[in-house]
Structure formats: C-alpha cells, structure tokens
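In what follows, a single structure is set out as structure tokens and then discussed.
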Amino acid sequence: ADKIEAGAKPSDVAADSLNAHWRVIFNGNGYDPKWKDEAVARGMYRIDSGVEAISKLGDAKNINLFAKVGVLSKDELIARRDIDWNHYTGSVEIEALTMIDMIHQWIVPALKSVGMDTAVIASGCDKIQTK
C-alpha cells in the first residue's frame with residue numbers, strides 16, 4: 001500500500017510481491033505426501049505435529065513477530081499456547097476414556113459371549129488402564 005500511495009503502479013507492486021514470494025505459492029495437492037518434501041526443498045519450515053506447532057508459539061522469534069505487529073504480547077501468546085496445550089490434552093484424554101468405555105461396554109461382553117476366559121479379558125483390561 002505504501003508503494004502504491006507513493007506512486008507505483010499496482011500491477012508492478014503485485015508483480016514484485018509475487019516474484020519475492022513465488023517459492024511459497026503452491027496450487028497443487030497439499031495433501032500429497034510429495035508436497036512435504038517439495039515444501040522443504042523450497043525452503044519452507046515444516047511442522048508435522050500439532051503438539052510441536054503449539055510449542056512453537058513460545059519460540060522467541062514468534063513472540064517477537066506477534067509483538068512487533070501488535071497482534072499479541074508475549075504474555076498473551078504464552079497464555080494462548082498454554083490454553084491450546086490444555087485443550088489438546090483434554091481432547092486426547094476424552095478420546096482415551098471413550099475407548100476404554102467402548103472396550104468395557106462392547107468388546108468385553110462380545111469376548112465373553114464367545115467363551116473367552118474371563119481372567120485373560122480382565123488382565124488385558126488392566127494393562128490398558130494402567131498405561
């Protein structure tokens with residue numbers, strides 16, 4: 001906007017921006033496993049895990065970026081990161097407890113109905129709950 005307001009042609013500003021950032025523009029299948037390698041080859045940073053992405057919010061360069069553009073202060077960004085971690089761990093816990101409930105309500109009775117030894121079933125359930 002500053003360049004256009006200073007008299008530059010909008011098409012020239014757009015062309016310069018595209019030329020400066022062409023390596024990150026991708027119009028293919030972003031779900032193709034080959035794209036991950038292509039992104040790295042183009043010099044882009046790649047994070048494959050939600051947990052890792054959440055932890056990157058607390059990195060100094062990201063804290064500085066958010067503060068510089070006035071989006072979030074350091075304390076706000078760290079709070080957002082902590083909230084995201086709590087949300088993630090809560091979701092994983094709910095999913096794990098749901099799986100255990102399903103095992104007890106559906107799988108164990110099915111195993112018993114086909115004559116599987118109750119001690120073997122109980123031992124397996126104990127292993128699931130203690131891990």
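Order determines the names: the first chain of the structure tokens is A, the second B, and so forth; residues in each chain are numbered 1 upward, and ligands are numbered 1 upward as they are shown.
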
Requested in this report: Show which residues sit within 9 Å of Lys74 in chain A, as a list of chain:residue names. Count only C-alpha atoms, and ignore same-chain residues fewer than 6 positions away.
Outcome: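 The contact residues come out as A:Gly58, A:Ile63, A:Asn64, A:Phe66, A:Ala67.
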
Query raised in the report: Can you list, as a VMD selection string, every protein, DNA or RNA residue that comes within 12 Å of Trp35 in chain A when you count only C-alpha atoms, leaving out same-chain residues fewer than 5 positions away?
Result: chain A and resid 24 to 30 40 to 42 44 46

Same residues, N, CA and C atoms, saved as a PDB file, in the first residue's frame:
```pdb
ATOM      1  N   VAL A  24       6.687 -19.918  -2.145  1.00  0.00           N
ATOM      2  CA  VAL A  24       5.719 -20.438  -1.185  1.00  0.00           C
ATOM      3  C   VAL A  24       4.320 -20.583  -1.770  1.00  0.00           C
ATOM      4  N   ILE A  25       4.139 -20.200  -3.015  1.00  0.00           N
ATOM      5  CA  ILE A  25       2.827 -20.329  -3.652  1.00  0.00           C
ATOM      6  C   ILE A  25       2.743 -21.720  -4.267  1.00  0.00           C
ATOM      7  N   PHE A  26       1.704 -22.440  -3.887  1.00  0.00           N
ATOM      8  CA  PHE A  26       1.527 -23.810  -4.359  1.00  0.00           C
ATOM      9  C   PHE A  26       0.068 -24.023  -4.700  1.00  0.00           C
ATOM     10  N   ASN A  27      -0.205 -24.455  -5.913  1.00  0.00           N
ATOM     11  CA  ASN A  27      -1.579 -24.664  -6.364  1.00  0.00           C
ATOM     12  C   ASN A  27      -1.883 -26.136  -6.619  1.00  0.00           C
ATOM     13  N   GLY A  28      -1.021 -27.018  -6.116  1.00  0.00           N
ATOM     14  CA  GLY A  28      -1.232 -28.448  -6.323  1.00  0.00           C
ATOM     15  C   GLY A  28      -1.980 -29.082  -5.158  1.00  0.00           C
ATOM     16  N   ASN A  29      -1.816 -30.372  -5.018  1.00  0.00           N
ATOM     17  CA  ASN A  29      -2.473 -31.145  -3.975  1.00  0.00           C
ATOM     18  C   ASN A  29      -1.652 -31.056  -2.691  1.00  0.00           C
ATOM     19  N   GLY A  30      -2.083 -30.230  -1.762  1.00  0.00           N
ATOM     20  CA  GLY A  30      -1.379 -30.063  -0.495  1.00  0.00           C
ATOM     21  C   GLY A  30      -1.427 -31.286   0.398  1.00  0.00           C
ATOM     22  N   VAL A  40       9.870 -28.409   1.790  1.00  0.00           N
ATOM     23  CA  VAL A  40      11.205 -28.301   2.390  1.00  0.00           C
ATOM     24  C   VAL A  40      12.224 -27.884   1.332  1.00  0.00           C
ATOM     25  N   ALA A  41      12.111 -28.458   0.138  1.00  0.00           N
ATOM     26  CA  ALA A  41      13.035 -28.101  -0.950  1.00  0.00           C
ATOM     27  C   ALA A  41      12.908 -26.627  -1.326  1.00  0.00           C
ATOM     28  N   ARG A  42      11.712 -26.062  -1.155  1.00  0.00           N
ATOM     29  CA  ARG A  42      11.502 -24.641  -1.454  1.00  0.00           C
ATOM     30  C   ARG A  42      11.935 -23.741  -0.299  1.00  0.00           C
ATOM     31  N   MET A  44      10.736 -23.889   2.912  1.00  0.00           N
ATOM     32  CA  MET A  44       9.705 -23.611   3.915  1.00  0.00           C
ATOM     33  C   MET A  44       9.909 -24.489   5.137  1.00  0.00           C
ATOM     34  N   ARG A  46       8.607 -26.839   8.041  1.00  0.00           N
ATOM     35  CA  ARG A  46       7.525 -27.816   8.065  1.00  0.00           C
ATOM     36  C   ARG A  46       7.343 -28.365   9.472  1.00  0.00           C
TER      37      ARG A  46
END
```

Query raised in the report: So which bits of range 13-92 of chain A end up helix (DSSP H, G or I) when you DSSP the backbone, as a ChimeraX atom specification?
Result: /A:13-24,33-41,50-56,60-68,74-92

Residues as selected, C-alpha atoms, written as a JSON list (two decimals), in the first residue's frame, can you do that?
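Done, and the output landed in selection.json:
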```json
[["chain", "number", "residue", "atom", "x", "y", "z"],
["A", 13, "VAL", "CA", 3.71, -3.83, -6.79],
["A", 14, "ALA", "CA", 1.75, -7.08, -7.21],
["A", 15, "ALA", "CA", 4.36, -8.48, -9.62],
["A", 16, "ASP", "CA", 7.20, -7.61, -7.25],
["A", 17, "SER", "CA", 5.38, -9.29, -4.37],
["A", 18, "LEU", "CA", 4.74, -12.43, -6.42],
["A", 19, "ASN", "CA", 8.36, -12.58, -7.55],
["A", 20, "ALA", "CA", 9.57, -12.19, -3.96],
["A", 21, "HIS", "CA", 7.29, -14.94, -2.62],
["A", 22, "TRP", "CA", 6.78, -17.28, -5.55],
["A", 23, "ARG", "CA", 8.52, -20.18, -3.75],
["A", 24, "VAL", "CA", 5.72, -20.44, -1.19],
["A", 33, "PRO", "CA", 2.91, -36.77, 0.63],
["A", 34, "LYS", "CA", 5.30, -35.48, -2.06],
["A", 35, "TRP", "CA", 4.30, -31.90, -1.18],
["A", 36, "LYS", "CA", 6.00, -32.17, 2.23],
["A", 37, "ASP", "CA", 9.35, -32.80, 0.56],
["A", 38, "GLU", "CA", 8.67, -30.12, -2.06],
["A", 39, "ALA", "CA", 7.90, -27.56, 0.67],
["A", 40, "VAL", "CA", 11.20, -28.30, 2.39],
["A", 41, "ALA", "CA", 13.04, -28.10, -0.95],
["A", 50, "GLY", "CA", 0.01, -30.30, 16.32],
["A", 51, "VAL", "CA", 1.85, -30.57, 19.62],
["A", 52, "GLU", "CA", 5.06, -29.32, 18.02],
["A", 53, "ALA", "CA", 3.17, -26.47, 16.34],
["A", 54, "ILE", "CA", 1.64, -25.41, 19.65],
["A", 55, "SER", "CA", 5.06, -25.42, 21.32],
["A", 56, "LYS", "CA", 6.47, -23.15, 18.57],
["A", 60, "ALA", "CA", 11.41, -16.15, 20.77],
["A", 61, "LYS", "CA", 11.13, -15.37, 17.04],
["A", 62, "ASN", "CA", 7.37, -15.96, 17.11],
["A", 63, "ILE", "CA", 6.89, -13.97, 20.30],
["A", 64, "ASN", "CA", 8.81, -11.09, 18.71],
["A", 65, "LEU", "CA", 6.81, -11.33, 15.47],
["A", 66, "PHE", "CA", 3.41, -11.22, 17.21],
["A", 67, "ALA", "CA", 4.54, -8.36, 19.46],
["A", 68, "LYS", "CA", 6.08, -6.41, 16.56],
["A", 74, "LYS", "CA", 4.43, -12.19, 24.98],
["A", 75, "ASP", "CA", 2.14, -12.95, 27.94],
["A", 76, "GLU", "CA", -0.90, -13.25, 25.68],
["A", 77, "LEU", "CA", 0.91, -15.58, 23.28],
["A", 78, "ILE", "CA", 2.20, -17.80, 26.09],
["A", 79, "ALA", "CA", -1.31, -17.90, 27.56],
["A", 80, "ARG", "CA", -2.69, -18.90, 24.14],
["A", 81, "ARG", "CA", -0.07, -21.65, 23.87],
["A", 82, "ASP", "CA", -0.93, -22.99, 27.33],
["A", 83, "ILE", "CA", -4.67, -22.93, 26.55],
["A", 84, "ASP", "CA", -4.02, -24.81, 23.30],
["A", 85, "TRP", "CA", -1.99, -27.47, 25.18],
["A", 86, "ASN", "CA", -4.75, -27.85, 27.78],
["A", 87, "HIS", "CA", -7.34, -28.18, 25.03],
["A", 88, "TYR", "CA", -5.23, -30.79, 23.21],
["A", 89, "THR", "CA", -4.52, -32.89, 26.30],
["A", 90, "GLY", "CA", -8.17, -32.68, 27.34],
["A", 91, "SER", "CA", -9.28, -33.93, 23.92],
["A", 92, "VAL", "CA", -6.81, -36.81, 23.99]]
```

Query raised in the report: If you count only C-alpha atoms, which residues fall within 12 Å of Asp126 in chain A, apart from same-chain ones fewer than 5 positions away, as an MDAnalysis selection string?
Result: chainID A and resid 100 103:104 119:121 131

Dump of all heavy atoms for the selected residues, as a PDB file, in the first residue's frame:
```pdb
ATOM      1  N   ILE A 100     -11.728 -46.730  26.308  1.00  0.00           N
ATOM      2  CA  ILE A 100     -11.807 -47.679  27.419  1.00  0.00           C
ATOM      3  C   ILE A 100     -13.256 -48.046  27.710  1.00  0.00           C
ATOM      4  O   ILE A 100     -13.585 -49.221  27.916  1.00  0.00           O
ATOM      5  CB  ILE A 100     -11.092 -47.105  28.665  1.00  0.00           C
ATOM      6  CG1 ILE A 100      -9.584 -47.054  28.410  1.00  0.00           C
ATOM      7  CG2 ILE A 100     -11.410 -47.929  29.910  1.00  0.00           C
ATOM      8  CD1 ILE A 100      -8.804 -46.280  29.443  1.00  0.00           C
ATOM      9  N   ILE A 103     -14.479 -50.463  25.106  1.00  0.00           N
ATOM     10  CA  ILE A 103     -13.934 -51.809  25.345  1.00  0.00           C
ATOM     11  C   ILE A 103     -14.757 -52.519  26.414  1.00  0.00           C
ATOM     12  O   ILE A 103     -15.159 -53.673  26.242  1.00  0.00           O
ATOM     13  CB  ILE A 103     -12.448 -51.734  25.738  1.00  0.00           C
ATOM     14  CG1 ILE A 103     -11.608 -51.329  24.523  1.00  0.00           C
ATOM     15  CG2 ILE A 103     -11.963 -53.074  26.312  1.00  0.00           C
ATOM     16  CD1 ILE A 103     -10.181 -50.970  24.845  1.00  0.00           C
ATOM     17  N   HIS A 104     -15.019 -51.811  27.517  1.00  0.00           N
ATOM     18  CA  HIS A 104     -15.788 -52.423  28.611  1.00  0.00           C
ATOM     19  C   HIS A 104     -17.236 -52.710  28.212  1.00  0.00           C
ATOM     20  O   HIS A 104     -17.800 -53.726  28.618  1.00  0.00           O
ATOM     21  CB  HIS A 104     -15.760 -51.520  29.849  1.00  0.00           C
ATOM     22  CG  HIS A 104     -14.466 -51.566  30.597  1.00  0.00           C
ATOM     23  ND1 HIS A 104     -14.031 -52.682  31.279  1.00  0.00           N
ATOM     24  CD2 HIS A 104     -13.495 -50.633  30.770  1.00  0.00           C
ATOM     25  CE1 HIS A 104     -12.863 -52.444  31.838  1.00  0.00           C
ATOM     26  NE2 HIS A 104     -12.504 -51.199  31.536  1.00  0.00           N
ATOM     27  N   ALA A 119     -10.426 -64.334  33.000  1.00  0.00           N
ATOM     28  CA  ALA A 119      -9.153 -63.879  33.575  1.00  0.00           C
ATOM     29  C   ALA A 119      -8.272 -63.224  32.506  1.00  0.00           C
ATOM     30  O   ALA A 119      -7.613 -62.220  32.760  1.00  0.00           O
ATOM     31  CB  ALA A 119      -8.419 -65.043  34.230  1.00  0.00           C
ATOM     32  N   VAL A 120      -8.274 -63.771  31.315  1.00  0.00           N
ATOM     33  CA  VAL A 120      -7.491 -63.202  30.204  1.00  0.00           C
ATOM     34  C   VAL A 120      -8.046 -61.827  29.828  1.00  0.00           C
ATOM     35  O   VAL A 120      -7.298 -60.875  29.621  1.00  0.00           O
ATOM     36  CB  VAL A 120      -7.500 -64.157  28.982  1.00  0.00           C
ATOM     37  CG1 VAL A 120      -6.849 -63.503  27.778  1.00  0.00           C
ATOM     38  CG2 VAL A 120      -6.823 -65.459  29.321  1.00  0.00           C
ATOM     39  N   ILE A 121      -9.366 -61.722  29.786  1.00  0.00           N
ATOM     40  CA  ILE A 121     -10.009 -60.435  29.461  1.00  0.00           C
ATOM     41  C   ILE A 121      -9.670 -59.402  30.527  1.00  0.00           C
ATOM     42  O   ILE A 121      -9.266 -58.278  30.215  1.00  0.00           O
ATOM     43  CB  ILE A 121     -11.538 -60.600  29.338  1.00  0.00           C
ATOM     44  CG1 ILE A 121     -11.884 -61.516  28.179  1.00  0.00           C
ATOM     45  CG2 ILE A 121     -12.217 -59.236  29.162  1.00  0.00           C
ATOM     46  CD1 ILE A 121     -13.341 -61.935  28.130  1.00  0.00           C
ATOM     47  N   LYS A 131      -1.643 -48.075  31.581  1.00  0.00           N
ATOM     48  CA  LYS A 131      -0.659 -47.433  30.700  1.00  0.00           C
ATOM     49  C   LYS A 131      -1.000 -46.010  30.435  1.00  0.00           C
ATOM     50  O   LYS A 131      -1.994 -45.492  30.569  1.00  0.00           O
ATOM     51  CB  LYS A 131      -0.539 -48.203  29.382  1.00  0.00           C
ATOM     52  CG  LYS A 131       0.171 -49.501  29.589  1.00  0.00           C
ATOM     53  CD  LYS A 131       0.469 -50.148  28.262  1.00  0.00           C
ATOM     54  CE  LYS A 131       1.288 -51.414  28.510  1.00  0.00           C
ATOM     55  NZ  LYS A 131       1.757 -52.041  27.329  1.00  0.00           N
TER      56      LYS A 131
END
```
